[in-house]
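Notes follow once the structure below has been shown.
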There are 4 protein chains.
Amino acid sequence: MQLPQPLRGIVTPLLTPLVSPDRLDADGLDRLVDHVLAGGVHGIFVLGTSGEGPSLSNAIRRDVIGRVCRRAEGRVPVLVGITDSSLADSVQMAQVAAGAGAAAVVTTGPLYMPVTQDQLLDYIARLAADSPLPVFLYNMPSHAHVFFEVETVEKASGIPGVAGLKDSSSQILYLRRLQQALAHKPEFTLMVGPEEMMAECVLFGLHGGVNGGSNLFPELFVALYHAAAKGDLAAAAPLRDRVLEISRRIYSAVSYGSSYLQGIKCAAELLGICAGELAPPYRAFTGGQRETVRQGLVAIGALPGATRA
Amino acid sequence: MQLPQPLRGIVTPLLTPLVSPDRLDADGLDRLVDHVLAGGVHGIFVLGTSGEGPSLSNAIRRDVIGRVCRRAEGRVPVLVGITDSSLADSVQMAQVAAGAGAAAVVTTGPLYMPVTQDQLLDYIARLAADSPLPVFLYNMPSHAHVFFEVETVEKASGIPGVAGLKDSSSQILYLRRLQQALAHKPEFTLMVGPEEMMAECVLFGLHGGVNGGSNLFPELFVALYHAAAKGDLAAAAPLRDRVLEISRRIYSAVSYGSSYLQGIKCAAELLGICAGELAPPYRAFTGGQRETVRQGLVAIGALPGATRA
Amino acid sequence: MQLPQPLRGIVTPLLTPLVSPDRLDADGLDRLVDHVLAGGVHGIFVLGTSGEGPSLSNAIRRDVIGRVCRRAEGRVPVLVGITDSSLADSVQMAQVAAGAGAAAVVTTGPLYMPVTQDQLLDYIARLAADSPLPVFLYNMPSHAHVFFEVETVEKASGIPGVAGLKDSSSQILYLRRLQQALAHKPEFTLMVGPEEMMAECVLFGLHGGVNGGSNLFPELFVALYHAAAKGDLAAAAPLRDRVLEISRRIYSAVSYGSSYLQGIKCAAELLGICAGELAPPYRAFTGGQRETVRQGLVAIGALPGATRA
Amino acid sequence: MQLPQPLRGIVTPLLTPLVSPDRLDADGLDRLVDHVLAGGVHGIFVLGTSGEGPSLSNAIRRDVIGRVCRRAEGRVPVLVGITDSSLADSVQMAQVAAGAGAAAVVTTGPLYMPVTQDQLLDYIARLAADSPLPVFLYNMPSHAHVFFEVETVEKASGIPGVAGLKDSSSQILYLRRLQQALAHKPEFTLMVGPEEMMAECVLFGLHGGVNGGSNLFPELFVALYHAAAKGDLAAAAPLRDRVLEISRRIYSAVSYGSSYLQGIKCAAELLGICAGELAPPYRAFTGGQRETVRQGLVAIGALPGATRA
């Protein structure tokens, strides 16, 4: 499917269901694709952070790309994360994505070697020149340790094939400056990662959200997106409260960095969507942590609660 | 070749000679191996940071491992960098290394996903269990954004197969605490990366240095190591001054992070050792930067200077 | 004047007009107070970051407190910044503030000595016990290198005398979590510093903004606050665009950290409000930088433009 | 007393004995001065980090300066910490120091307002112009959040009145580059803060150490300095081991940032040198923490141990 320019709405950063740390839950992946498409999302992003892309073996990555593109059947654009420490290997994965029918690829910039903004721009230019698909920038400094500064994005937007940016820095001032700097390029997509700030970003003109919670509750995120895009605060407020409540209950079961991923995969399994194993360096929640997530799902009404005698 | 326990002396973090960003200079690689072995180094570490390991394609990495192991012919142990964002792909590369006759593998811990110290230790345990070769820890926080805290190293040293640590954090207090914590494990190798502090580290008991400059001037580093290991300050002082002068002249031609790699590869080419191209995200020095390195080599007497009329 | 609980609306972080690095522009200070009160702001915060409080001598700080409290004549509450490296000196300044008739004091936590969250909470408890005025927390990690984590604020809100928090971290997710955690304490004031995100914060329930731009254009900020507080997006949007435009034109004349302060003081002088000198470590804009600010004021219609022949 | 140029040897960063958080232990302060002078130290630095200078009230700071200068009676130079957020107040404290007979003042650069290197150099130039005493730079990024880059120190060394630098960054590569850059200014003093790396720094040419442990064990540090300055490795090694053991036993009783200060003041009290209270934001060790320090002092032979049956 062709990439709309700009891409608008909710893009699901698809979880990669695993039955063991290195084996795909292929049926769960199909169910998950069906689930989010039934919920009305406007795109799917595989092998991002929520998809544990960088943690998966090269073989599983290829498998995921093929399966999701086939299952989506062109109903929504599929974006493919190709972040890697090696540009050559990123380009190779972009070719796999193109062959499978994906609409675009997504990169955080190079892992490992630190880059100046000039080196980052040069890297993006080399990637865009060699990639058969449009390239999205993914500003993810907490994981990739690269930051796409406003001026760099502005310059990158002039490179043929560079189509948009997803920001996961949580810095709303940065997004404001990006919007100002790119006001003259309405076809350049600007999306926000953290779902807890999606509503306010869309209210003031961003094109949408790449929000992990849409793996679990796609209708909710699509409804919130539409309310915000119309400027309907009254409709948006309770939906946004629900998004915040999900975040608090499901992603914060423990207090360290991996708890979002562990929480959302645990919830996906408890909701019967797909298997909940994680790739190294992480492990699935067990015991009390799993119970905390289960109780969270009960509290938000996503699972039936136990009857108290 | 078997891995000495501990490994002592100078281990060269071997450059990966490239004729273009994605093509190996195979003859240059052979020459470089011969050059450092002729200089007396005690080990070779391929695909580290100096070797641009993470920036190279999977195919080139495999090629480098095979060629260096063959050329070294068991004269010194070969260590192989397997740092990756995917544990499965790291293990696969460890198997390639074992098949080629390498002595050990080296990891910074996982790229991309942030880890707590517990998750880091768990990752190392999983890697050590699946690796056919002994594992060295590589503390490289500036690039890998993982830090092996003293307590984590102490615990990791008890995992079968974990053989040592190379520190490139430049934090001498950290090395002191590591030495104290591991005093009861004399077979656990502790080496230092930055060559500018190798002498003082070896003077006070570290096992050696993994120093990039030994690609260019192996005899100098071997001599400094021996002087420091014997506590011969009078012999060490002028050698150390020379190491500092090389660092100042060759690695600091420009003021940003990549200038070490650009400077040393430029120097290797100017000295006729091997081709000096770099893998993305970096590029080889040209023009004035190259001239600065050339003048640096003249100043330290490694290249003949122009006659002045 | 008594402190409303919560305090709502626009609080001006008052500039400290200086005729030389260590001499107050006392008349300019009076004019500035009149200017912002005429514009309808709901409070004044002296000796904050915009007021260069920590950079001023103890003597000037005392002078500013007395003059502003006298000039405000109880029309709006005056908050006084007492951030210092010494708790004893902070308490002494709180006593000066109480004597002058101020409504509250504001602290970032201690400068210099690093603190754990427990130590920070203990510090706040000691300050609140000794301060004759209610205490506001000021989350300003970029300058104070202290971060008030959500749990710490929640605990601090239970200490008698701790009245609210101003956040200048620009982290909207943090503000969301604060709102959730303090939902049961409606009298605890939550305000946002960066004016570029004030509208969206107030739209979703924050009590107001402590926004530097209200020194220059108080009516604009008051109008935007009211539009956002009513959820009137149509009215808010053009006002917010104007706020963003001011930020881009006036505060970003150069690209380093001090340009906000240098830009706003330069603009205040060019607009005839007060003298524009800065306290060390900064200096007033001159030459081209000053001209850039002047052109920015022309572009936003705040100064008449030159007629072009 | 005149300041030697360079100043060589051990400078004690003097603890400020407190009987309560805001009351000086004046007798303890006299005893402490006598103790370190009896141990042979070459200078005294009051109101540094070990002296909790920034945490003390202005009144106590003045008291400390006067008392220590009187007690030292010109036997060694007294350096005075004047770090503050306000340049005007730093200059005022420098005048107090000059009036009391101190030899130099010491600054980390300004607290609170972030500075570029150009702004930092400008700040130092303004301070040096207004200070009646020579100025030492104090590179203390962990607390002051200012870093004196090599080029800035080189430029600052050309400002009349700037006499030297104490580095507490623990970055040995930085010290090496400073030594290279200042090789042509042999009168510019270069000292190292962390005592765990003093020996290796002096072995390779630094002028000495400003080491907290010399409050407790001045002879040990003076002996280690002399051994290192002579290049006598055999003599230095056991002394250095003892310094490392003290650090491990006394300063690391707990794992957070303040444990050095809490540990050393607790030890000073247990050894009968002076009272051990701390200024806010810290508190003295009690209970188990105090017992841990006591046992550490027993283990290193500084306190008699319990007889074991």
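The way I read the labels, and the way they are meant: chains A, B, ... in the order of the structure tokens, residue 1 as the first residue of every chain, and ligand 1 as the first ligand shown, with later ones counted on from there.
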Exercise. Return as an MDAnalysis selection string the residues belonging to chain D that are within 10 Å of chain B, counting only C-alpha atoms.
Key: chainID D and resid 169:174 176:177 180 194:197 199:201 203:204 231:234 237 240:241 244:245 247:248
Quick one: write out the picked residues with N, CA, C and O atoms as a short mmCIF file (atom, residue, chain, number, x, y, z; two decimals), in the first residue's frame?
data_model
loop_
_atom_site.label_atom_id
_atom_site.label_comp_id
_atom_site.auth_asym_id
_atom_site.auth_seq_id
_atom_site.Cartn_x
_atom_site.Cartn_y
_atom_site.Cartn_z
N SER D 169 37.32 15.79 38.80
CA SER D 169 36.49 15.08 37.83
C SER D 169 36.83 13.60 37.76
O SER D 169 36.09 12.82 37.17
N SER D 170 37.95 13.20 38.34
CA SER D 170 38.42 11.80 38.31
C SER D 170 38.79 11.34 36.91
O SER D 170 38.94 10.15 36.69
N GLN D 171 38.93 12.27 35.98
CA GLN D 171 39.22 11.87 34.59
C GLN D 171 40.71 12.03 34.33
O GLN D 171 41.18 13.12 34.04
N ILE D 172 41.41 10.92 34.37
CA ILE D 172 42.86 11.01 34.27
C ILE D 172 43.30 11.47 32.89
O ILE D 172 44.31 12.16 32.74
N LEU D 173 42.51 11.15 31.86
CA LEU D 173 42.88 11.62 30.52
C LEU D 173 42.83 13.14 30.43
O LEU D 173 43.63 13.77 29.75
N TYR D 174 41.87 13.70 31.13
CA TYR D 174 41.74 15.16 31.18
C TYR D 174 42.97 15.77 31.85
O TYR D 174 43.54 16.75 31.36
N ARG D 176 45.92 14.48 31.98
CA ARG D 176 47.05 14.33 31.05
C ARG D 176 47.06 15.46 30.03
O ARG D 176 48.10 16.04 29.71
N ARG D 177 45.88 15.76 29.50
CA ARG D 177 45.80 16.82 28.47
C ARG D 177 46.09 18.18 29.09
O ARG D 177 46.73 19.02 28.47
N GLN D 180 49.83 18.47 29.39
CA GLN D 180 50.43 18.79 28.08
C GLN D 180 50.21 20.26 27.73
O GLN D 180 51.13 20.96 27.30
N PRO D 194 40.53 13.43 44.06
CA PRO D 194 40.28 12.10 44.60
C PRO D 194 41.57 11.42 45.06
O PRO D 194 42.49 11.19 44.28
N GLU D 195 41.63 11.10 46.33
CA GLU D 195 42.87 10.57 46.89
C GLU D 195 43.24 9.21 46.35
O GLU D 195 44.41 8.83 46.38
N GLU D 196 42.25 8.47 45.83
CA GLU D 196 42.50 7.13 45.32
C GLU D 196 43.37 7.16 44.06
O GLU D 196 43.87 6.13 43.63
N MET D 197 43.53 8.31 43.43
CA MET D 197 44.36 8.40 42.24
C MET D 197 45.51 9.39 42.41
O MET D 197 46.21 9.69 41.45
N ALA D 199 48.48 9.08 43.94
CA ALA D 199 49.82 8.55 43.74
C ALA D 199 50.20 8.53 42.26
O ALA D 199 51.26 9.03 41.87
N GLU D 200 49.33 7.97 41.42
CA GLU D 200 49.69 7.89 40.00
C GLU D 200 49.78 9.26 39.36
O GLU D 200 50.57 9.48 38.45
N CYS D 201 48.95 10.19 39.84
CA CYS D 201 49.02 11.55 39.28
C CYS D 201 50.35 12.22 39.62
O CYS D 201 50.97 12.87 38.77
N LEU D 203 53.16 10.69 40.52
CA LEU D 203 54.22 9.94 39.85
C LEU D 203 54.52 10.52 38.48
O LEU D 203 55.67 10.55 38.03
N PHE D 204 53.47 10.95 37.79
CA PHE D 204 53.66 11.47 36.44
C PHE D 204 53.53 12.98 36.37
O PHE D 204 53.10 13.53 35.39
N GLY D 231 59.26 9.18 42.77
CA GLY D 231 59.22 8.02 41.87
C GLY D 231 59.59 6.74 42.57
O GLY D 231 60.02 5.78 41.94
N ASP D 232 59.41 6.71 43.89
CA ASP D 232 59.79 5.52 44.66
C ASP D 232 58.57 4.60 44.77
O ASP D 232 57.80 4.64 45.74
N LEU D 233 58.42 3.74 43.75
CA LEU D 233 57.25 2.86 43.67
C LEU D 233 57.18 1.90 44.85
O LEU D 233 56.09 1.61 45.37
N ALA D 234 58.31 1.39 45.27
CA ALA D 234 58.33 0.41 46.35
C ALA D 234 57.79 1.01 47.64
O ALA D 234 57.05 0.37 48.38
N ALA D 237 53.74 1.92 47.06
CA ALA D 237 52.71 0.89 46.90
C ALA D 237 51.94 0.57 48.18
O ALA D 237 50.71 0.60 48.19
N ARG D 240 49.77 3.55 49.27
CA ARG D 240 48.62 3.69 48.39
C ARG D 240 47.56 2.61 48.71
O ARG D 240 46.36 2.90 48.71
N ASP D 241 47.99 1.40 48.98
CA ASP D 241 47.03 0.36 49.37
C ASP D 241 46.26 0.79 50.61
O ASP D 241 45.05 0.54 50.72
N LEU D 244 43.64 3.33 49.70
CA LEU D 244 42.49 2.68 49.05
C LEU D 244 41.63 1.96 50.09
O LEU D 244 40.40 1.95 49.99
N GLU D 245 42.27 1.36 51.07
CA GLU D 245 41.55 0.63 52.10
C GLU D 245 40.72 1.59 52.96
O GLU D 245 39.58 1.30 53.32
N SER D 247 39.53 4.42 51.98
CA SER D 247 38.41 4.85 51.13
C SER D 247 37.30 3.81 51.14
O SER D 247 36.12 4.13 51.30
N ARG D 248 37.67 2.56 50.96
CA ARG D 248 36.68 1.50 50.89
C ARG D 248 35.95 1.32 52.21
O ARG D 248 34.75 1.09 52.26
#
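From CA of Phe188 (chain C) back to CA of Leu175 (chain C), the distance works out to 13.4 Å.
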Among region 168-291 of chain B, which ones does DSSP assign to strand (DSSP E or B) (computed from the backbone)? Answer as a PDB file with N, CA, C and O atoms, in the first residue's frame.
ATOM      1  N   GLN B 171      37.749   5.748  33.831  1.00  0.00           N
ATOM      2  CA  GLN B 171      37.559   6.113  35.240  1.00  0.00           C
ATOM      3  C   GLN B 171      38.501   5.305  36.108  1.00  0.00           C
ATOM      4  O   GLN B 171      38.232   4.162  36.461  1.00  0.00           O
ATOM      5  N   THR B 189      41.045 -11.561  34.003  1.00  0.00           N
ATOM      6  CA  THR B 189      41.832 -10.536  33.315  1.00  0.00           C
ATOM      7  C   THR B 189      41.195  -9.150  33.445  1.00  0.00           C
ATOM      8  O   THR B 189      40.000  -8.989  33.230  1.00  0.00           O
ATOM      9  N   LEU B 190      42.015  -8.158  33.788  1.00  0.00           N
ATOM     10  CA  LEU B 190      41.555  -6.762  33.834  1.00  0.00           C
ATOM     11  C   LEU B 190      42.464  -5.927  32.945  1.00  0.00           C
ATOM     12  O   LEU B 190      43.658  -5.805  33.215  1.00  0.00           O
ATOM     13  N   MET B 191      41.888  -5.376  31.894  1.00  0.00           N
ATOM     14  CA  MET B 191      42.681  -4.581  30.960  1.00  0.00           C
ATOM     15  C   MET B 191      42.042  -3.203  30.794  1.00  0.00           C
ATOM     16  O   MET B 191      40.858  -3.015  30.998  1.00  0.00           O
ATOM     17  N   VAL B 192      42.874  -2.253  30.361  1.00  0.00           N
ATOM     18  CA  VAL B 192      42.406  -0.887  30.192  1.00  0.00           C
ATOM     19  C   VAL B 192      42.467  -0.501  28.712  1.00  0.00           C
ATOM     20  O   VAL B 192      43.392  -0.885  28.001  1.00  0.00           O
ATOM     21  N   GLY B 208      47.123  -5.382  31.577  1.00  0.00           N
ATOM     22  CA  GLY B 208      47.607  -4.885  30.305  1.00  0.00           C
ATOM     23  C   GLY B 208      46.680  -3.878  29.685  1.00  0.00           C
ATOM     24  O   GLY B 208      45.759  -3.377  30.345  1.00  0.00           O
ATOM     25  N   GLY B 209      46.918  -3.609  28.407  1.00  0.00           N
ATOM     26  CA  GLY B 209      46.138  -2.607  27.702  1.00  0.00           C
ATOM     27  C   GLY B 209      45.640  -3.121  26.365  1.00  0.00           C
ATOM     28  O   GLY B 209      46.323  -3.895  25.684  1.00  0.00           O
ATOM     29  N   VAL B 210      44.417  -2.695  26.028  1.00  0.00           N
ATOM     30  CA  VAL B 210      43.857  -2.957  24.697  1.00  0.00           C
ATOM     31  C   VAL B 210      43.887  -1.602  23.999  1.00  0.00           C
ATOM     32  O   VAL B 210      42.924  -0.845  24.048  1.00  0.00           O
TER      33      VAL B 210
END
May I have all residues of region 111-289 of chain B that DSSP, computed from the backbone, assigns to helix (DSSP H, G or I), given as a CSV table (one decimal) with C-alpha atoms, in the first residue's frame?
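In the end it all went to selection-v6.csv:
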chain,number,residue,atom,x,y,z
B,117,GLN,CA,22.4,-4.2,36.5
B,118,ASP,CA,20.3,-7.3,37.3
B,119,GLN,CA,19.2,-7.5,33.7
B,120,LEU,CA,22.8,-7.0,32.5
B,121,LEU,CA,24.0,-9.8,34.7
B,122,ASP,CA,21.2,-12.0,33.5
B,123,TYR,CA,22.2,-11.2,29.9
B,124,ILE,CA,25.8,-12.1,30.5
B,125,ALA,CA,24.7,-15.4,32.1
B,126,ARG,CA,22.6,-16.3,29.1
B,127,LEU,CA,25.4,-15.3,26.7
B,128,ALA,CA,28.0,-17.3,28.6
B,129,ALA,CA,25.8,-20.3,28.7
B,130,ASP,CA,25.3,-20.3,24.9
B,141,PRO,CA,29.6,3.4,28.3
B,142,SER,CA,30.2,6.2,25.8
B,143,HIS,CA,29.2,4.0,22.9
B,144,ALA,CA,27.1,1.1,24.4
B,150,VAL,CA,31.8,-3.1,40.3
B,151,GLU,CA,29.3,-5.4,42.0
B,152,THR,CA,28.0,-6.7,38.7
B,153,VAL,CA,31.5,-7.6,37.5
B,154,GLU,CA,32.2,-9.3,40.8
B,155,LYS,CA,29.1,-11.4,40.3
B,156,ALA,CA,29.8,-12.0,36.6
B,172,ILE,CA,40.6,5.2,37.2
B,173,LEU,CA,38.7,5.1,40.5
B,174,TYR,CA,36.4,2.4,39.0
B,175,LEU,CA,39.5,0.3,38.0
B,176,ARG,CA,40.9,0.6,41.5
B,177,ARG,CA,37.6,-0.6,43.0
B,178,LEU,CA,37.5,-3.5,40.4
B,179,GLN,CA,41.0,-4.5,41.4
B,180,GLN,CA,40.1,-4.5,45.1
B,181,ALA,CA,36.9,-6.5,44.4
B,195,GLU,CA,46.3,4.1,26.0
B,196,GLU,CA,47.0,7.5,27.6
B,197,MET,CA,46.5,5.8,31.0
B,198,MET,CA,47.9,2.4,30.4
B,199,ALA,CA,51.2,2.9,32.0
B,200,GLU,CA,49.8,4.0,35.4
B,201,CYS,CA,47.2,1.2,35.3
B,202,VAL,CA,49.9,-1.5,34.7
B,203,LEU,CA,52.2,0.1,37.3
B,212,GLY,CA,44.5,1.3,19.5
B,213,GLY,CA,47.9,2.9,19.0
B,214,SER,CA,49.4,-0.5,18.9
B,215,ASN,CA,48.0,-0.9,15.4
B,218,PRO,CA,53.2,-2.1,18.3
B,219,GLU,CA,56.8,-2.1,19.6
B,220,LEU,CA,56.3,1.2,21.5
B,221,PHE,CA,53.3,-0.2,23.4
B,222,VAL,CA,54.9,-3.5,24.1
B,223,ALA,CA,58.0,-1.7,25.5
B,224,LEU,CA,55.9,0.6,27.6
B,225,TYR,CA,53.9,-2.4,29.0
B,226,HIS,CA,57.1,-4.2,30.0
B,227,ALA,CA,58.6,-1.1,31.6
B,228,ALA,CA,55.4,-0.5,33.6
B,229,ALA,CA,55.0,-4.2,34.5
B,233,LEU,CA,59.6,4.3,36.0
B,234,ALA,CA,62.7,5.7,34.3
B,235,ALA,CA,62.2,3.5,31.3
B,236,ALA,CA,58.4,4.1,31.2
B,237,ALA,CA,58.4,7.9,31.4
B,238,PRO,CA,59.8,8.7,27.9
B,239,LEU,CA,57.8,5.9,26.3
B,240,ARG,CA,54.6,7.2,27.9
B,241,ASP,CA,55.4,10.8,26.8
B,242,ARG,CA,55.6,9.4,23.2
B,243,VAL,CA,52.2,7.7,23.6
B,244,LEU,CA,50.7,10.9,24.8
B,245,GLU,CA,52.3,12.8,21.9
B,246,ILE,CA,50.9,10.4,19.4
B,247,SER,CA,47.4,10.8,21.0
B,248,ARG,CA,47.6,14.5,20.8
B,249,ARG,CA,48.9,14.7,17.3
B,250,ILE,CA,47.0,11.9,15.5
B,259,SER,CA,38.4,11.9,15.4
B,260,TYR,CA,40.2,9.0,17.1
B,261,LEU,CA,39.0,6.5,14.5
B,262,GLN,CA,39.4,8.9,11.6
B,263,GLY,CA,42.9,9.9,12.8
B,264,ILE,CA,44.2,6.4,13.3
B,265,LYS,CA,42.9,5.0,10.0
B,266,CYS,CA,44.3,8.0,8.2
B,267,ALA,CA,47.6,7.4,9.9
B,268,ALA,CA,47.6,3.7,9.0
B,269,GLU,CA,47.1,4.6,5.4
B,270,LEU,CA,49.7,7.3,5.4
B,287,GLY,CA,42.1,17.6,2.7
B,288,GLY,CA,43.2,19.7,5.6
B,289,GLN,CA,42.4,17.0,8.2
Quiz item: Any idea what the distance is between CA of Gly74 (chain A) and CA of Ile159 (chain A)?
Solution: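 If I compute the distance from CA of Gly74 (chain A) to CA of Ile159 (chain A), I get 26.4 Å.
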Quiz item: Taking only C-alpha atoms into account, which of C:Gln95, C:Thr108, C:Ser85, C:Ser55 comes nearest Pro281 (chain C)?
Solution: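 With only C-alpha atoms as the atom set, the closest residue is C:Ser55.
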